[in-house]
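Student: The structure's right below; bear with me while I get my questions together.
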Amino acid sequence: MREDIVEALKNIVGDDWVVNNPEAVKSYLEDETEPGVKVEPAPATDVVVVKPVNAQEVSEILKLANREGVPVYVRGGGTGLACGCVPSKPGVVISMERMKEIEIDKENLMAVVGAGVTLGELLKAAAKEGFFFPPHPGDEGAQIGGLIACNAVGARAVRTGPMRNYVLGLEVVLPTGEILRLGGRLVKDNTGAGKLMHLFIGTEGILGVITKAVLRLSPQYKATATMVVPFNDRRACLNTVPEILQSGIIPLGIEYVQKKEVELTAKRLGLEWPSKEGEYYLLIMLAEFNEDTLYAQLEEIASICRKNGSLEPLLAETPEEQTNILKIRSEIYPTLKPYMEDSPDITVPPANIGKLIEELEKLERKYDIYIPLFGHAADGNLHPVIPVKEGWTKEQYEKLRMEMYQIAVKLGGVTTGEHGVGEARKKYLKLNLSNEAIETLRKIKKVLETTPSH
Amino acid sequence: MTDNEFHIVVLIKPVPDMEKVRFDVEKGVVDRSSAPLEINPFDLNALEAAVQIKEKLGGEVTAVSMAPPAAESVLRDAIARGADRAVLLTDRRFAGADTLATSYALASAIRKLGRFNLIICGEKTVDGDTGQVGPEVAEMLGIPHIAYVTEIREVTKEKLLVVSELGAPYLMELKLPGLITVTKDVNKPRLPTLKDKLKARKAKVEVWSADDLADVADVSRFGFSGSPTQVVKVLVPPMKKRRSQIFKGEDAVDKLIEALEMEGLLR
């Protein structure tokens, strides 16, 4: 990286917060994207990492990068699965790790958080004041800025949806350096600012750098439980999910897992998978005002499950028991990672999940391959794993991946429900979006990148 | 229950969730209203051990606890996890008990229950952390005990073969009736089924007062009046904040070593 740019960055943030020692830069070059689609980062010697502490510094950095024509890559927790933060060309990595402000606004049930606060830190700060934050994409090292930019979802989104639903206010720095403050501590805001804010949620940072947010918190529920429902039949298990939702009960989350994967994960974590019966499981997370309401729902859900052939459900109520189950669920992905070529994030309309399974089973037979499967059953979002298979070429993996994507699209779905597009999966965007739609996104980006005339 | 059935008693303490509980630093007490009650985690292992033995030998498991009335929910949980019967000792006269008075009340309740073959306790409680109550109960009942059991190898109606971890593993035999306290390594407690949870919600927890034990105990030995020791104050060590310091320049390493030595981290 050019010495004058490194010096200019030091002038903005101070000497201590610019990293250009290649050994130290290395840990800022990658994220968690699967090996099969991973984008090769630029050499560490061509990348400089800068750690601003506020929006003003981010603004100065962007202005400098614009002046010099250097690409910037915003980096949060580095937990992404689409190479969104990977510097694919020589450039500047803006790491948000120092933006650690957390204010819990008890009266308004909100939190004001810096972009660099991790999900784990937010959960802890919220719990201390008696609050809860439902979205949980698995890795608690993810940072708020990244969660918002990627509209993260995860396991507890059935009732209240993705990250977007929790964002009430944003501080964003435009590519040209202007700082926007949109929305705020408001549950309702129908001014243009409130609407404009949503442009920056889920667009993966291509339109601006998120530096701070106002998030809605949920009160801590007095009665919570995680029910583990074992099934012997896979389709019966998944077809139960739409029925639960149709019954009028909207749990916090409904997850689908299989014996093979959970037992492997539990073993790796030194835990034990609680159920000794069945091959396929639904994990149903409930959170209610009191125990009576909770149990009324548990009984109703259990009766729907039994009607569909489930075995006797198990119930975790203590925080430790529930945390262990969520932990096993969250750690399936990292456990399978060493055996994984890719894990497409395909998502179909929730009621089509049974059909999706049928199609994936056909692929298993066609390719003579075992496809590990887990995911967010109520959201129609599954993560089938393309395992590493001896002797397979890149082309064979690509063929299977494309077939999975085409199945999702055929069933009315998309190639990604939560992991996003990033640099790694840009080429598959055309399966979802028309040329006109992609062109429209380009035009919006272009407008925001144009320096206003003063 | 007939006379030749195997009867196991499990001692249970309801404790606050230690992750959530707050300490009142000024008064020097644990603010028990700040977190919901749950079964002391070690007692879950005790209960699981009891249920596994019952599955082998048949018989009955009774959970016994001394606690305020709100602990009924915790005993219901014990029923969901396999206890056949639950007894809650609750009375103002039990309050303020140290480990001696607690053991005396629990031992009295076990006497009142009548015949027993085996008593199982967790190695300690997460809020008291003494590990004394189990062995004290055994002494009061005049039966042998083995503490810190990490493995139960063999069980018959006459004796237990166990591994106790007291610095090193000891293979020991316990003649019954007797008492063991178990560690977390002894087993992995199972999750209760929804069916058992629902059944337990309707189950009856027997509530005994100090007077109910008058025929087997000296009631003046319960609670505060029976406690030779008292907790005067709970001291909460202040959290140390993480400090960061950047050392620069030629003598950075020397300065770093000096700073670490000052903190007693290097010698």
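In the structure tokens, the first chain shown is A, the next is B, and so on; residue numbers restart at 1 for each chain, and ligands run from 1 in the order shown.
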Could you give me, as a ChimeraX atom specification, the residues within 8 Å of range 152-158 of chain B, counting only C-alpha atoms and dropping anything in the same chain fewer than 2 positions from it?
Tutor: /B:6,53,57,117,149-150,160-163,175-177,186
Student: So which residues touch Val61 in chain B within 9 Å, counting only C-alpha atoms, skipping near sequence neighbours fewer than 6 positions away, as number ranges by chain?
Tutor: B: 6-10, 47, 50-51, 54, 82-86
Student: In Å, how far is it from CA of Thr125 in chain B to CA of Gly58 in chain B?
Tutor: 28.1 Å
Student: Which chain B residues have any atom within 7 Å of an atom of chain A, and for each, what is the nearest pair of atoms with distance in Å to one decimal, counting only C-alpha atoms, rows sorted by chain and number, as a Markdown table?
Tutor:
```
| residue | atom | partner | partner_atom | distance |
| --- | --- | --- | --- | --- |
| B:Arg190 | CA | A:Pro274 | CA | 6.3 |
| B:Leu191 | CA | A:Leu314 | CA | 6.1 |
| B:Pro192 | CA | A:Leu314 | CA | 5.7 |
| B:Thr193 | CA | A:Leu314 | CA | 4.0 |
| B:Leu194 | CA | A:Leu314 | CA | 5.3 |
```
Student: Run DSSP on the backbone and give me the residues of range 175-249 of chain B it puts in alpha helix (DSSP H), as number ranges by chain.
Tutor: B: 194-202
Student: Okay, now the selection with C-alpha atoms, as a PDB file, in the first residue's frame?
Tutor:
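Just written: again.pdb:
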```pdb
ATOM      1  CA  LEU B 194     -43.187 -32.684  27.879  1.00  0.00           C
ATOM      2  CA  LYS B 195     -45.535 -35.382  29.180  1.00  0.00           C
ATOM      3  CA  ASP B 196     -43.627 -35.627  32.467  1.00  0.00           C
ATOM      4  CA  LYS B 197     -43.492 -31.839  32.763  1.00  0.00           C
ATOM      5  CA  LEU B 198     -47.243 -31.593  32.314  1.00  0.00           C
ATOM      6  CA  LYS B 199     -47.851 -34.359  34.837  1.00  0.00           C
ATOM      7  CA  ALA B 200     -45.550 -32.649  37.336  1.00  0.00           C
ATOM      8  CA  ARG B 201     -47.446 -29.380  37.019  1.00  0.00           C
ATOM      9  CA  LYS B 202     -50.431 -31.128  38.565  1.00  0.00           C
TER      10      LYS B 202
END
```
Student: Using DSSP on the backbone coordinates, identify all residues within range 281-366 of chain A classified as strand (DSSP E); present the result as number ranges by chain.
Tutor: A: 281-288, 314-316, 340-342
Student: Write the residues of the preceding selection, restricted to C-alpha atoms, as a short mmCIF file (atom, residue, chain, number, x, y, z; two decimals), in the first residue's frame.
Tutor:
```cif
data_model
loop_
_atom_site.label_atom_id
_atom_site.label_comp_id
_atom_site.auth_asym_id
_atom_site.auth_seq_id
_atom_site.Cartn_x
_atom_site.Cartn_y
_atom_site.Cartn_z
CA TYR A 281 -35.86 -33.02 15.02
CA LEU A 282 -37.72 -29.77 15.32
CA LEU A 283 -36.41 -27.36 17.93
CA ILE A 284 -39.23 -25.10 18.91
CA MET A 285 -38.34 -22.01 20.93
CA LEU A 286 -41.11 -20.33 22.84
CA ALA A 287 -41.13 -17.18 24.94
CA GLU A 288 -44.21 -16.04 26.79
CA LEU A 314 -38.49 -33.25 25.39
CA LEU A 315 -38.58 -29.93 27.17
CA ALA A 316 -35.68 -27.70 28.13
CA MET A 340 -17.68 -28.74 3.42
CA GLU A 341 -17.27 -27.45 -0.11
CA ASP A 342 -20.22 -25.11 0.16
#
```
Student: When distances are computed from only C-alpha atoms, which of A:Val187, A:Leu245, A:Gly278, A:His136 shows the smallest separation from Leu326 in chain A?
Tutor: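 Once distances to Leu326 in chain A are computed over only C-alpha atoms, the minimum belongs to A:His136.
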